Amino acid sequence: GENAFILVTVSDDLVKKGVSAAEFIGQIAPLINGSGGGRPNMAQAGGKNQGKLKEALAKAQHIIEEKLKSI
(Lines give C-alpha, C1' and ligand atoms only; values in the text may rest on other atoms or scores of the structure.)
Protein backbone atom coordinates (compact mmCIF):
# COMPACT_ATOMS: atom_id res chain seq x y z
CA GLY A 1 0.00 0.00 0.00
CA GLU A 2 0.92 3.60 0.56
CA ASN A 3 2.14 3.16 4.14
CA ALA A 4 5.77 3.14 5.24
CA PHE A 5 7.27 1.06 8.03
CA ILE A 6 10.62 1.52 9.78
CA LEU A 7 12.30 -0.86 12.22
CA VAL A 8 15.41 0.10 14.21
CA THR A 9 17.62 -2.18 16.26
CA VAL A 10 20.58 -1.20 18.40
CA SER A 11 23.21 -3.60 19.73
CA ASP A 12 23.52 -4.04 23.49
CA ASP A 13 26.98 -2.47 23.58
CA LEU A 14 25.63 0.73 21.98
CA VAL A 15 22.60 0.78 24.31
CA LYS A 16 25.07 0.72 27.23
CA LYS A 17 26.74 3.79 25.67
CA GLY A 18 23.44 5.68 25.55
CA VAL A 19 22.16 4.94 22.04
CA SER A 20 18.40 4.34 22.03
CA ALA A 21 16.35 2.87 19.20
CA ALA A 22 13.21 4.45 20.69
CA GLU A 23 14.79 7.91 20.71
CA PHE A 24 16.02 7.40 17.18
CA ILE A 25 12.63 6.28 15.84
CA GLY A 26 11.03 9.30 17.50
CA GLN A 27 13.18 11.55 15.31
CA ILE A 28 12.54 9.65 12.07
CA ALA A 29 8.83 8.72 12.30
CA PRO A 30 7.48 12.27 11.80
CA LEU A 31 9.22 12.42 8.43
CA ILE A 32 6.86 9.74 7.12
CA ASN A 33 3.85 11.30 8.87
CA GLY A 34 3.93 8.58 11.45
CA SER A 35 4.64 7.69 14.99
CA GLY A 36 6.33 4.88 16.78
CA GLY A 37 8.04 3.70 19.88
CA GLY A 38 9.76 0.80 21.49
CA ARG A 39 12.62 -0.12 23.73
CA PRO A 40 16.22 1.05 23.79
CA ASN A 41 17.31 -1.97 21.74
CA MET A 42 14.39 -2.14 19.26
CA ALA A 43 11.74 0.29 18.04
CA GLN A 44 9.34 0.58 15.14
CA ALA A 45 7.25 3.19 13.40
CA GLY A 46 4.54 3.29 10.80
CA GLY A 47 3.53 6.24 8.70
CA LYS A 48 1.17 7.27 5.96
CA ASN A 49 3.68 8.92 3.63
CA GLN A 50 5.67 6.29 1.76
CA GLY A 51 6.91 9.01 -0.60
CA LYS A 52 9.05 10.46 2.20
CA LEU A 53 10.76 7.17 3.04
CA LYS A 54 13.91 7.99 1.06
CA GLU A 55 14.19 11.33 2.90
CA ALA A 56 13.65 9.59 6.24
CA LEU A 57 16.41 7.07 5.49
CA ALA A 58 18.82 9.86 4.52
CA LYS A 59 18.02 11.66 7.78
CA ALA A 60 18.49 8.38 9.65
CA GLN A 61 21.97 7.96 8.20
CA HIS A 62 22.88 11.50 9.26
CA ILE A 63 21.59 10.96 12.80
CA ILE A 64 23.49 7.66 13.11
CA GLU A 65 26.73 9.21 11.91
CA GLU A 66 26.42 12.14 14.33
CA LYS A 67 25.51 9.88 17.27
CA LEU A 68 28.44 7.54 16.64
CA LYS A 69 30.83 10.49 16.54
CA SER A 70 29.72 11.51 20.01
CA ILE A 71 30.23 8.16 21.76
# chains A, B, ... in the order shown; residues from 1 in each chain; ligands from 1

$ select_by_dssp --residues "chain A" --states "helix (DSSP H, G or I)" --output "MDAnalysis selection string"
chainID A and resid 12:16 21:32 50:69

$ residues_around --residues "Gly36 of chain A" --least-positions-apart "3" --cutoff "7 Å" --atoms "only C-alpha atoms" --output "list in words"
Ile25, Gly26, Ala29, Gln44, Ala45 and Gly46 of chain A

$ residues_around --residues "Asn41 of chain A" --least-positions-apart "3" --cutoff "8 Å" --atoms "only C-alpha atoms" --output "list in words"
Thr9, Val10, Ser11, Asp12, Val15, Ser20, Ala21 and Ala22 of chain A

$ write_last_selection --atoms "N, CA and C atoms" --output "PDB file, in the first residue's frame"
ATOM      1  N   THR A   9      17.028  -1.390  15.181  1.00  0.00           N
ATOM      2  CA  THR A   9      17.617  -2.184  16.261  1.00  0.00           C
ATOM      3  C   THR A   9      18.972  -1.595  16.621  1.00  0.00           C
ATOM      4  N   VAL A  10      19.315  -1.710  17.885  1.00  0.00           N
ATOM      5  CA  VAL A  10      20.583  -1.199  18.403  1.00  0.00           C
ATOM      6  C   VAL A  10      21.222  -2.312  19.224  1.00  0.00           C
ATOM      7  N   SER A  11      22.504  -2.543  19.000  1.00  0.00           N
ATOM      8  CA  SER A  11      23.206  -3.600  19.733  1.00  0.00           C
ATOM      9  C   SER A  11      23.323  -3.234  21.220  1.00  0.00           C
ATOM     10  N   ASP A  12      23.451  -4.253  22.047  1.00  0.00           N
ATOM     11  CA  ASP A  12      23.519  -4.043  23.494  1.00  0.00           C
ATOM     12  C   ASP A  12      24.691  -3.155  23.903  1.00  0.00           C
ATOM     13  N   VAL A  15      23.608   0.377  23.323  1.00  0.00           N
ATOM     14  CA  VAL A  15      22.604   0.775  24.314  1.00  0.00           C
ATOM     15  C   VAL A  15      23.303   1.178  25.606  1.00  0.00           C
ATOM     16  N   SER A  20      19.740   4.877  21.815  1.00  0.00           N
ATOM     17  CA  SER A  20      18.404   4.337  22.028  1.00  0.00           C
ATOM     18  C   SER A  20      17.636   4.247  20.718  1.00  0.00           C
ATOM     19  N   ALA A  21      17.167   3.048  20.398  1.00  0.00           N
ATOM     20  CA  ALA A  21      16.348   2.865  19.202  1.00  0.00           C
ATOM     21  C   ALA A  21      15.049   3.662  19.314  1.00  0.00           C
ATOM     22  N   ALA A  22      14.463   3.720  20.498  1.00  0.00           N
ATOM     23  CA  ALA A  22      13.209   4.454  20.692  1.00  0.00           C
ATOM     24  C   ALA A  22      13.402   5.953  20.452  1.00  0.00           C
TER      25      ALA A  22
END

$ select_by_dssp --residues "chain A" --states "strand (DSSP E)" --output "ChimeraX atom specification"
/A:4-9,34-38,42-47

$ atom_distance --atom1 "atom CA of Ala58 of chain A" --atom2 "atom CA of Glu23 of chain A"
16.8 Å

$ closest_residue --among "A:Met42, A:Pro30, A:Lys67, A:Ser35" --to "Glu55 of chain A" --atoms "only C-alpha atoms"
A:Pro30

$ residues_around --residues "Lys48 of chain A" --least-positions-apart "6" --cutoff "7 Å" --atoms "only C-alpha atoms" --output "PyMOL selection string"
chain A and resi 2-4+32-34

$ closest_residue --among "A:Ile28, A:Val19, A:Leu68, A:Leu14" --to "Lys54 of chain A" --atoms "only C-alpha atoms"
A:Ile28

$ residues_around --residues "Gly1 of chain A" --least-positions-apart "3" --cutoff "12 Å" --atoms "only C-alpha atoms" --output "PyMOL selection string"
chain A and resi 4-5+47-51

$ atom_distance --atom1 "atom CA of Ile6 of chain A" --atom2 "atom CA of Lys69 of chain A"
23.1 Å

$ decode --residues "segment 26-61 of chain A" --atoms "N, CA, C and O atoms" --output "PDB file, in the first residue's frame"
ATOM      1  N   GLY A  26      11.806   8.091  17.231  1.00  0.00           N
ATOM      2  CA  GLY A  26      11.029   9.304  17.498  1.00  0.00           C
ATOM      3  C   GLY A  26      11.449  10.479  16.628  1.00  0.00           C
ATOM      4  O   GLY A  26      10.639  11.364  16.345  1.00  0.00           O
ATOM      5  N   GLN A  27      12.689  10.485  16.186  1.00  0.00           N
ATOM      6  CA  GLN A  27      13.176  11.554  15.313  1.00  0.00           C
ATOM      7  C   GLN A  27      12.849  11.288  13.851  1.00  0.00           C
ATOM      8  O   GLN A  27      12.706  12.218  13.061  1.00  0.00           O
ATOM      9  N   ILE A  28      12.734  10.031  13.466  1.00  0.00           N
ATOM     10  CA  ILE A  28      12.540   9.650  12.073  1.00  0.00           C
ATOM     11  C   ILE A  28      11.055   9.522  11.700  1.00  0.00           C
ATOM     12  O   ILE A  28      10.646   9.896  10.598  1.00  0.00           O
ATOM     13  N   ALA A  29      10.236   8.993  12.593  1.00  0.00           N
ATOM     14  CA  ALA A  29       8.825   8.723  12.296  1.00  0.00           C
ATOM     15  C   ALA A  29       8.048   9.936  11.770  1.00  0.00           C
ATOM     16  O   ALA A  29       7.272   9.796  10.824  1.00  0.00           O
ATOM     17  N   PRO A  30       8.244  11.125  12.322  1.00  0.00           N
ATOM     18  CA  PRO A  30       7.477  12.267  11.803  1.00  0.00           C
ATOM     19  C   PRO A  30       7.741  12.571  10.326  1.00  0.00           C
ATOM     20  O   PRO A  30       6.881  13.122   9.641  1.00  0.00           O
ATOM     21  N   LEU A  31       8.899  12.169   9.830  1.00  0.00           N
ATOM     22  CA  LEU A  31       9.220  12.424   8.429  1.00  0.00           C
ATOM     23  C   LEU A  31       8.330  11.631   7.481  1.00  0.00           C
ATOM     24  O   LEU A  31       8.156  12.022   6.327  1.00  0.00           O
ATOM     25  N   ILE A  32       7.773  10.528   7.951  1.00  0.00           N
ATOM     26  CA  ILE A  32       6.862   9.736   7.121  1.00  0.00           C
ATOM     27  C   ILE A  32       5.409   9.912   7.591  1.00  0.00           C
ATOM     28  O   ILE A  32       4.556   9.079   7.328  1.00  0.00           O
ATOM     29  N   ASN A  33       5.177  11.016   8.296  1.00  0.00           N
ATOM     30  CA  ASN A  33       3.853  11.305   8.867  1.00  0.00           C
ATOM     31  C   ASN A  33       3.367  10.154   9.738  1.00  0.00           C
ATOM     32  O   ASN A  33       2.233   9.708   9.616  1.00  0.00           O
ATOM     33  N   GLY A  34       4.269   9.711  10.600  1.00  0.00           N
ATOM     34  CA  GLY A  34       3.926   8.585  11.447  1.00  0.00           C
ATOM     35  C   GLY A  34       4.343   8.787  12.872  1.00  0.00           C
ATOM     36  O   GLY A  34       4.772   9.872  13.281  1.00  0.00           O
ATOM     37  N   SER A  35       4.209   7.708  13.597  1.00  0.00           N
ATOM     38  CA  SER A  35       4.639   7.693  14.993  1.00  0.00           C
ATOM     39  C   SER A  35       5.128   6.294  15.307  1.00  0.00           C
ATOM     40  O   SER A  35       4.890   5.356  14.559  1.00  0.00           O
ATOM     41  N   GLY A  36       5.808   6.185  16.402  1.00  0.00           N
ATOM     42  CA  GLY A  36       6.329   4.885  16.776  1.00  0.00           C
ATOM     43  C   GLY A  36       6.864   4.900  18.182  1.00  0.00           C
ATOM     44  O   GLY A  36       6.745   5.886  18.900  1.00  0.00           O
ATOM     45  N   GLY A  37       7.470   3.818  18.551  1.00  0.00           N
ATOM     46  CA  GLY A  37       8.036   3.699  19.879  1.00  0.00           C
ATOM     47  C   GLY A  37       8.670   2.342  20.035  1.00  0.00           C
ATOM     48  O   GLY A  37       8.727   1.556  19.093  1.00  0.00           O
ATOM     49  N   GLY A  38       9.136   2.089  21.223  1.00  0.00           N
ATOM     50  CA  GLY A  38       9.762   0.802  21.486  1.00  0.00           C
ATOM     51  C   GLY A  38      10.681   0.866  22.673  1.00  0.00           C
ATOM     52  O   GLY A  38      10.523   1.702  23.561  1.00  0.00           O
ATOM     53  N   ARG A  39      11.651   0.002  22.646  1.00  0.00           N
ATOM     54  CA  ARG A  39      12.616  -0.125  23.732  1.00  0.00           C
ATOM     55  C   ARG A  39      13.965   0.423  23.273  1.00  0.00           C
ATOM     56  O   ARG A  39      14.159   0.686  22.090  1.00  0.00           O
ATOM     57  N   PRO A  40      14.899   0.556  24.191  1.00  0.00           N
ATOM     58  CA  PRO A  40      16.220   1.053  23.791  1.00  0.00           C
ATOM     59  C   PRO A  40      16.904   0.202  22.718  1.00  0.00           C
ATOM     60  O   PRO A  40      17.625   0.717  21.884  1.00  0.00           O
ATOM     61  N   ASN A  41      16.635  -1.107  22.709  1.00  0.00           N
ATOM     62  CA  ASN A  41      17.310  -1.971  21.738  1.00  0.00           C
ATOM     63  C   ASN A  41      16.501  -2.238  20.467  1.00  0.00           C
ATOM     64  O   ASN A  41      17.052  -2.717  19.477  1.00  0.00           O
ATOM     65  N   MET A  42      15.195  -1.937  20.453  1.00  0.00           N
ATOM     66  CA  MET A  42      14.390  -2.135  19.260  1.00  0.00           C
ATOM     67  C   MET A  42      13.159  -1.231  19.286  1.00  0.00           C
ATOM     68  O   MET A  42      12.481  -1.123  20.310  1.00  0.00           O
ATOM     69  N   ALA A  43      12.903  -0.581  18.152  1.00  0.00           N
ATOM     70  CA  ALA A  43      11.738   0.292  18.043  1.00  0.00           C
ATOM     71  C   ALA A  43      11.220   0.230  16.618  1.00  0.00           C
ATOM     72  O   ALA A  43      11.950  -0.114  15.686  1.00  0.00           O
ATOM     73  N   GLN A  44       9.940   0.595  16.461  1.00  0.00           N
ATOM     74  CA  GLN A  44       9.338   0.580  15.135  1.00  0.00           C
ATOM     75  C   GLN A  44       8.390   1.748  14.974  1.00  0.00           C
ATOM     76  O   GLN A  44       7.897   2.302  15.953  1.00  0.00           O
ATOM     77  N   ALA A  45       8.161   2.095  13.714  1.00  0.00           N
ATOM     78  CA  ALA A  45       7.248   3.185  13.403  1.00  0.00           C
ATOM     79  C   ALA A  45       6.516   2.863  12.114  1.00  0.00           C
ATOM     80  O   ALA A  45       7.038   2.187  11.229  1.00  0.00           O
ATOM     81  N   GLY A  46       5.325   3.377  12.019  1.00  0.00           N
ATOM     82  CA  GLY A  46       4.544   3.285  10.797  1.00  0.00           C
ATOM     83  C   GLY A  46       4.067   4.673  10.433  1.00  0.00           C
ATOM     84  O   GLY A  46       3.838   5.506  11.303  1.00  0.00           O
ATOM     85  N   GLY A  47       3.966   4.923   9.141  1.00  0.00           N
ATOM     86  CA  GLY A  47       3.527   6.237   8.696  1.00  0.00           C
ATOM     87  C   GLY A  47       2.720   6.153   7.418  1.00  0.00           C
ATOM     88  O   GLY A  47       2.709   5.134   6.730  1.00  0.00           O
ATOM     89  N   LYS A  48       2.065   7.230   7.108  1.00  0.00           N
ATOM     90  CA  LYS A  48       1.167   7.273   5.960  1.00  0.00           C
ATOM     91  C   LYS A  48       1.785   7.877   4.714  1.00  0.00           C
ATOM     92  O   LYS A  48       1.122   8.009   3.704  1.00  0.00           O
ATOM     93  N   ASN A  49       3.069   8.247   4.777  1.00  0.00           N
ATOM     94  CA  ASN A  49       3.681   8.915   3.629  1.00  0.00           C
ATOM     95  C   ASN A  49       4.884   8.123   3.116  1.00  0.00           C
ATOM     96  O   ASN A  49       6.029   8.431   3.416  1.00  0.00           O
ATOM     97  N   GLN A  50       4.620   7.126   2.310  1.00  0.00           N
ATOM     98  CA  GLN A  50       5.669   6.293   1.755  1.00  0.00           C
ATOM     99  C   GLN A  50       6.604   7.109   0.865  1.00  0.00           C
ATOM    100  O   GLN A  50       7.789   6.811   0.755  1.00  0.00           O
ATOM    101  N   GLY A  51       6.101   8.168   0.268  1.00  0.00           N
ATOM    102  CA  GLY A  51       6.910   9.011  -0.603  1.00  0.00           C
ATOM    103  C   GLY A  51       8.052   9.715   0.107  1.00  0.00           C
ATOM    104  O   GLY A  51       9.000  10.176  -0.522  1.00  0.00           O
ATOM    105  N   LYS A  52       8.002   9.813   1.419  1.00  0.00           N
ATOM    106  CA  LYS A  52       9.051  10.461   2.202  1.00  0.00           C
ATOM    107  C   LYS A  52      10.045   9.458   2.798  1.00  0.00           C
ATOM    108  O   LYS A  52      10.936   9.842   3.545  1.00  0.00           O
ATOM    109  N   LEU A  53       9.902   8.188   2.453  1.00  0.00           N
ATOM    110  CA  LEU A  53      10.761   7.168   3.039  1.00  0.00           C
ATOM    111  C   LEU A  53      12.233   7.386   2.692  1.00  0.00           C
ATOM    112  O   LEU A  53      13.099   7.267   3.554  1.00  0.00           O
ATOM    113  N   LYS A  54      12.522   7.751   1.465  1.00  0.00           N
ATOM    114  CA  LYS A  54      13.909   7.990   1.060  1.00  0.00           C
ATOM    115  C   LYS A  54      14.507   9.143   1.876  1.00  0.00           C
ATOM    116  O   LYS A  54      15.641   9.066   2.334  1.00  0.00           O
ATOM    117  N   GLU A  55      13.742  10.199   2.080  1.00  0.00           N
ATOM    118  CA  GLU A  55      14.188  11.332   2.901  1.00  0.00           C
ATOM    119  C   GLU A  55      14.421  10.899   4.347  1.00  0.00           C
ATOM    120  O   GLU A  55      15.405  11.295   4.983  1.00  0.00           O
ATOM    121  N   ALA A  56      13.526  10.069   4.860  1.00  0.00           N
ATOM    122  CA  ALA A  56      13.653   9.589   6.237  1.00  0.00           C
ATOM    123  C   ALA A  56      14.913   8.738   6.400  1.00  0.00           C
ATOM    124  O   ALA A  56      15.622   8.856   7.404  1.00  0.00           O
ATOM    125  N   LEU A  57      15.213   7.909   5.410  1.00  0.00           N
ATOM    126  CA  LEU A  57      16.411   7.066   5.492  1.00  0.00           C
ATOM    127  C   LEU A  57      17.683   7.909   5.400  1.00  0.00           C
ATOM    128  O   LEU A  57      18.672   7.615   6.079  1.00  0.00           O
ATOM    129  N   ALA A  58      17.665   8.961   4.597  1.00  0.00           N
ATOM    130  CA  ALA A  58      18.823   9.860   4.523  1.00  0.00           C
ATOM    131  C   ALA A  58      19.030  10.568   5.858  1.00  0.00           C
ATOM    132  O   ALA A  58      20.165  10.698   6.341  1.00  0.00           O
ATOM    133  N   LYS A  59      17.944  11.017   6.474  1.00  0.00           N
ATOM    134  CA  LYS A  59      18.017  11.660   7.784  1.00  0.00           C
ATOM    135  C   LYS A  59      18.514  10.650   8.828  1.00  0.00           C
ATOM    136  O   LYS A  59      19.326  10.998   9.698  1.00  0.00           O
ATOM    137  N   ALA A  60      18.068   9.422   8.726  1.00  0.00           N
ATOM    138  CA  ALA A  60      18.494   8.378   9.651  1.00  0.00           C
ATOM    139  C   ALA A  60      20.001   8.179   9.566  1.00  0.00           C
ATOM    140  O   ALA A  60      20.685   8.095  10.589  1.00  0.00           O
ATOM    141  N   GLN A  61      20.527   8.130   8.372  1.00  0.00           N
ATOM    142  CA  GLN A  61      21.967   7.964   8.199  1.00  0.00           C
ATOM    143  C   GLN A  61      22.726   9.116   8.843  1.00  0.00           C
ATOM    144  O   GLN A  61      23.722   8.903   9.533  1.00  0.00           O
TER     145      GLN A  61
END
